[in-house]
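Engineer: Have a look at the structure that comes next, please.
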Amino acid sequence: MKLYHGSNVSIDTIDLKRGRRGKDFGQGFYLSADAMQARMMAERTVDREESGSPILTTYEFDEAILTSVSDLKVKVFEGYTEEWAEFIMMNRNNKSREQVHDYDIVYGPIADDKVGLQISRYQLQYIPMTELIRQLTFVRPTFQFFFGTERAIKLLHKI
């Protein structure tokens, strides 16, 4: 399958250390099977960084790896669930350079951008878990791939 990474720069070599902390599934390399979603992320990066232009880098990935038996640790979230929301909160609240999980690859829904506010509202007990999940759900559900280790990155082949 083809996966797309949206950025404001061309990606020649994936450097996991360049990933931002506090993201949905932790600090790593994020991709989408949806080129339009990746393009939107590239445009947001250009706006946030105030430099460059939207660039999509395309990779080939064998999706059978997500369900095959191997030594890779893979976590798949099929949808917006309580387990998914707790995983998002755990990663979004992590400000250290150390991962709070040991998965090589994580696949699951993208949390809506208002995630920080909603997590705070939940932690302060202003809203229940069901409302947190509803608030974090994208209007058009889109899934993302997280590659968090060098051995996972080796499974991506730039096209």
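Numbering starts fresh at 1 for the residues of each chain in the structure tokens, the chains themselves are lettered A, B, ... in the order given, and ligands are numbered from 1 as they appear.
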What's the 9 Å shell around segment 76-80 of chain A, counting only C-alpha atoms, without same-chain residues fewer than 3 positions away, as an MDAnalysis selection string?

Structural biologist: chainID A and resid 66:67 83:85 105:109 111 133:134 136:137 141 143

Engineer: Would you mind listing what lies within 9 Å of Gln37 of chain A as a PyMOL selection string, with only C-alpha atoms counted and same-chain residues fewer than 6 positions away left out?

Structural biologist: chain A and resi 4+6+142

Engineer: When DSSP works through the backbone of this structure, what residues of segment 76-151 of chain A end up as alpha helix (DSSP H), shown as a PyMOL selection string?

Structural biologist: chain A and resi 82-92+115-123+129-136+150-151

Engineer: Write to file, as a CSV table (one decimal), in the first residue's frame, the residues of the selection just made, with N, CA and C atoms.

Structural biologist:
```
chain,number,residue,atom,x,y,z
A,82,GLU,N,-12.6,4.0,24.0
A,82,GLU,CA,-12.0,4.4,25.3
A,82,GLU,C,-10.5,4.1,25.4
A,83,GLU,N,-10.2,2.9,25.0
A,83,GLU,CA,-8.7,2.5,25.0
A,83,GLU,C,-7.9,3.4,24.1
A,84,TRP,N,-8.4,3.8,22.9
A,84,TRP,CA,-7.8,4.7,22.0
A,84,TRP,C,-7.6,6.1,22.7
A,85,ALA,N,-8.7,6.6,23.3
A,85,ALA,CA,-8.6,7.9,23.9
A,85,ALA,C,-7.6,7.9,25.1
A,86,GLU,N,-7.6,6.9,25.9
A,86,GLU,CA,-6.6,6.8,27.0
A,86,GLU,C,-5.2,6.7,26.4
A,87,PHE,N,-5.0,6.0,25.3
A,87,PHE,CA,-3.6,6.0,24.7
A,87,PHE,C,-3.2,7.4,24.2
A,88,ILE,N,-4.2,8.1,23.6
A,88,ILE,CA,-3.9,9.4,23.1
A,88,ILE,C,-3.5,10.3,24.3
A,89,MET,N,-4.3,10.3,25.3
A,89,MET,CA,-4.0,11.1,26.5
A,89,MET,C,-2.6,10.8,27.1
A,90,MET,N,-2.3,9.5,27.2
A,90,MET,CA,-1.0,9.1,27.7
A,90,MET,C,0.1,9.7,26.9
A,91,ASN,N,0.0,9.7,25.6
A,91,ASN,CA,1.1,10.2,24.7
A,91,ASN,C,1.1,11.7,24.7
A,92,ARG,N,-0.1,12.3,24.6
A,92,ARG,CA,-0.2,13.8,24.6
A,92,ARG,C,0.4,14.4,25.8
A,115,VAL,N,-7.5,18.5,20.7
A,115,VAL,CA,-7.3,17.5,21.7
A,115,VAL,C,-6.8,18.0,23.1
A,116,GLY,N,-5.9,18.9,23.1
A,116,GLY,CA,-5.4,19.4,24.4
A,116,GLY,C,-6.5,20.0,25.3
A,117,LEU,N,-7.3,20.8,24.8
A,117,LEU,CA,-8.4,21.4,25.5
A,117,LEU,C,-9.4,20.3,26.0
A,118,GLN,N,-9.7,19.3,25.2
A,118,GLN,CA,-10.6,18.3,25.6
A,118,GLN,C,-10.0,17.4,26.7
A,119,ILE,N,-8.7,17.0,26.5
A,119,ILE,CA,-8.1,16.2,27.5
A,119,ILE,C,-8.1,16.9,28.9
A,120,SER,N,-7.8,18.2,28.9
A,120,SER,CA,-7.9,19.0,30.1
A,120,SER,C,-9.3,19.0,30.7
A,121,ARG,N,-10.3,19.2,29.9
A,121,ARG,CA,-11.7,19.1,30.4
A,121,ARG,C,-12.0,17.8,31.0
A,122,TYR,N,-11.5,16.7,30.4
A,122,TYR,CA,-11.8,15.4,30.9
A,122,TYR,C,-11.1,15.2,32.2
A,123,GLN,N,-9.8,15.5,32.3
A,123,GLN,CA,-9.0,15.4,33.5
A,123,GLN,C,-9.5,16.2,34.7
A,129,MET,N,-15.9,10.4,29.8
A,129,MET,CA,-15.1,9.7,28.7
A,129,MET,C,-15.9,9.7,27.4
A,130,THR,N,-17.1,9.4,27.4
A,130,THR,CA,-17.9,9.4,26.2
A,130,THR,C,-17.9,10.7,25.4
A,131,GLU,N,-17.9,11.8,26.2
A,131,GLU,CA,-17.9,13.1,25.5
A,131,GLU,C,-16.5,13.4,25.0
A,132,LEU,N,-15.4,13.0,25.8
A,132,LEU,CA,-14.1,13.2,25.3
A,132,LEU,C,-13.9,12.5,24.0
A,133,ILE,N,-14.3,11.2,23.8
A,133,ILE,CA,-14.2,10.5,22.6
A,133,ILE,C,-15.0,11.2,21.5
A,134,ARG,N,-16.2,11.7,21.8
A,134,ARG,CA,-17.0,12.4,20.7
A,134,ARG,C,-16.2,13.7,20.3
A,135,GLN,N,-15.6,14.4,21.2
A,135,GLN,CA,-14.9,15.6,20.9
A,135,GLN,C,-13.7,15.4,20.1
A,136,LEU,N,-13.0,14.3,20.4
A,136,LEU,CA,-11.8,14.0,19.7
A,136,LEU,C,-11.9,13.4,18.3
A,150,GLU,N,13.5,2.3,14.7
A,150,GLU,CA,14.3,2.1,13.5
A,150,GLU,C,13.9,0.9,12.7
A,151,ARG,N,13.6,-0.2,13.4
A,151,ARG,CA,13.2,-1.4,12.7
A,151,ARG,C,11.9,-1.2,12.0
```

Engineer: Pull the closest atom pair for each residue of segment 44-134 of chain A that gets at most 12 Å from segment 13-16 of chain A, along with the distance in Å to one decimal, counting only C-alpha atoms, ordering rows by chain and then ascending residue number, as a Markdown table.

Structural biologist:
```
| residue | atom | partner | partner_atom | distance |
| --- | --- | --- | --- | --- |
| A:Thr57 | CA | A:Ile14 | CA | 10.8 |
| A:Tyr59 | CA | A:Ile14 | CA | 11.3 |
| A:Arg97 | CA | A:Leu16 | CA | 11.1 |
| A:Gln99 | CA | A:Leu16 | CA | 11.7 |
| A:Asp104 | CA | A:Leu16 | CA | 11.8 |
```

Engineer: Go ahead and write the residues just picked, N, CA and C atoms, as a CSV table (one decimal), in the first residue's frame.

Structural biologist:
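The resulting file, result_11.csv, is reproduced below:
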```
chain,number,residue,atom,x,y,z
A,57,THR,N,5.7,13.1,0.6
A,57,THR,CA,6.7,12.1,0.4
A,57,THR,C,5.9,10.7,0.4
A,59,TYR,N,5.6,6.5,0.3
A,59,TYR,CA,6.3,5.3,0.7
A,59,TYR,C,5.4,4.1,0.3
A,97,ARG,N,11.5,12.8,26.5
A,97,ARG,CA,12.0,12.2,25.2
A,97,ARG,C,11.8,10.7,25.2
A,99,GLN,N,9.6,7.3,25.2
A,99,GLN,CA,8.2,6.8,24.8
A,99,GLN,C,7.5,6.3,26.0
A,104,ASP,N,6.3,-0.7,18.0
A,104,ASP,CA,7.1,-0.3,16.8
A,104,ASP,C,6.2,0.5,15.9
```

Engineer: Go through A:Gln125, A:Thr58, A:Ser53, A:Asn94 one by one, measure the shortest atom-to-atom distance of each to Lys158 of chain A using only C-alpha atoms, and give the residue with the smallest value.

Structural biologist: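 Nearest candidate to Lys158 of chain A out of A:Gln125, A:Thr58, A:Ser53, A:Asn94: A:Thr58.
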
Engineer: Distance atom CA of Thr45 of chain A-atom CA of Val100 of chain A, one decimal place?

Structural biologist: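 Interatomic distance, atom CA of Thr45 of chain A to atom CA of Val100 of chain A: 24.7 Å.
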
Engineer: Name all residues at most 12 Å from Ile55 of chain A (count only C-alpha atoms; drop same-chain ones fewer than 3 positions away) and give them as a PyMOL selection string.

Structural biologist: chain A and resi 4-11+35-36+38-46+51-52+58

Engineer: Take atom CA of Leu3 of chain A and atom CA of Phe29 of chain A and report the distance between them in Å, one decimal.

Structural biologist: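 So the answer is 11.6 Å.
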
Engineer: How far is it from atom CA of Phe61 of chain A to atom CA of Leu156 of chain A, in Å with one decimal?

Structural biologist: 5.4 Å

Engineer: From a DSSP pass on the backbone, collect the residues of chain A flagged as strand (DSSP E or B) and hand them back as a VMD selection string.

Structural biologist: chain A and resid 2 to 7 29 to 32 55 to 60 74 to 76 105 to 109 111 137 143 to 147 157 to 158

Engineer: Tell me which of A:Lys2, A:Asp102, A:Pro128, A:Lys154 sits closest to Glu60 of chain A, counting only C-alpha atoms.

Structural biologist: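 Closest to Glu60 of chain A of all the choices is A:Lys2.
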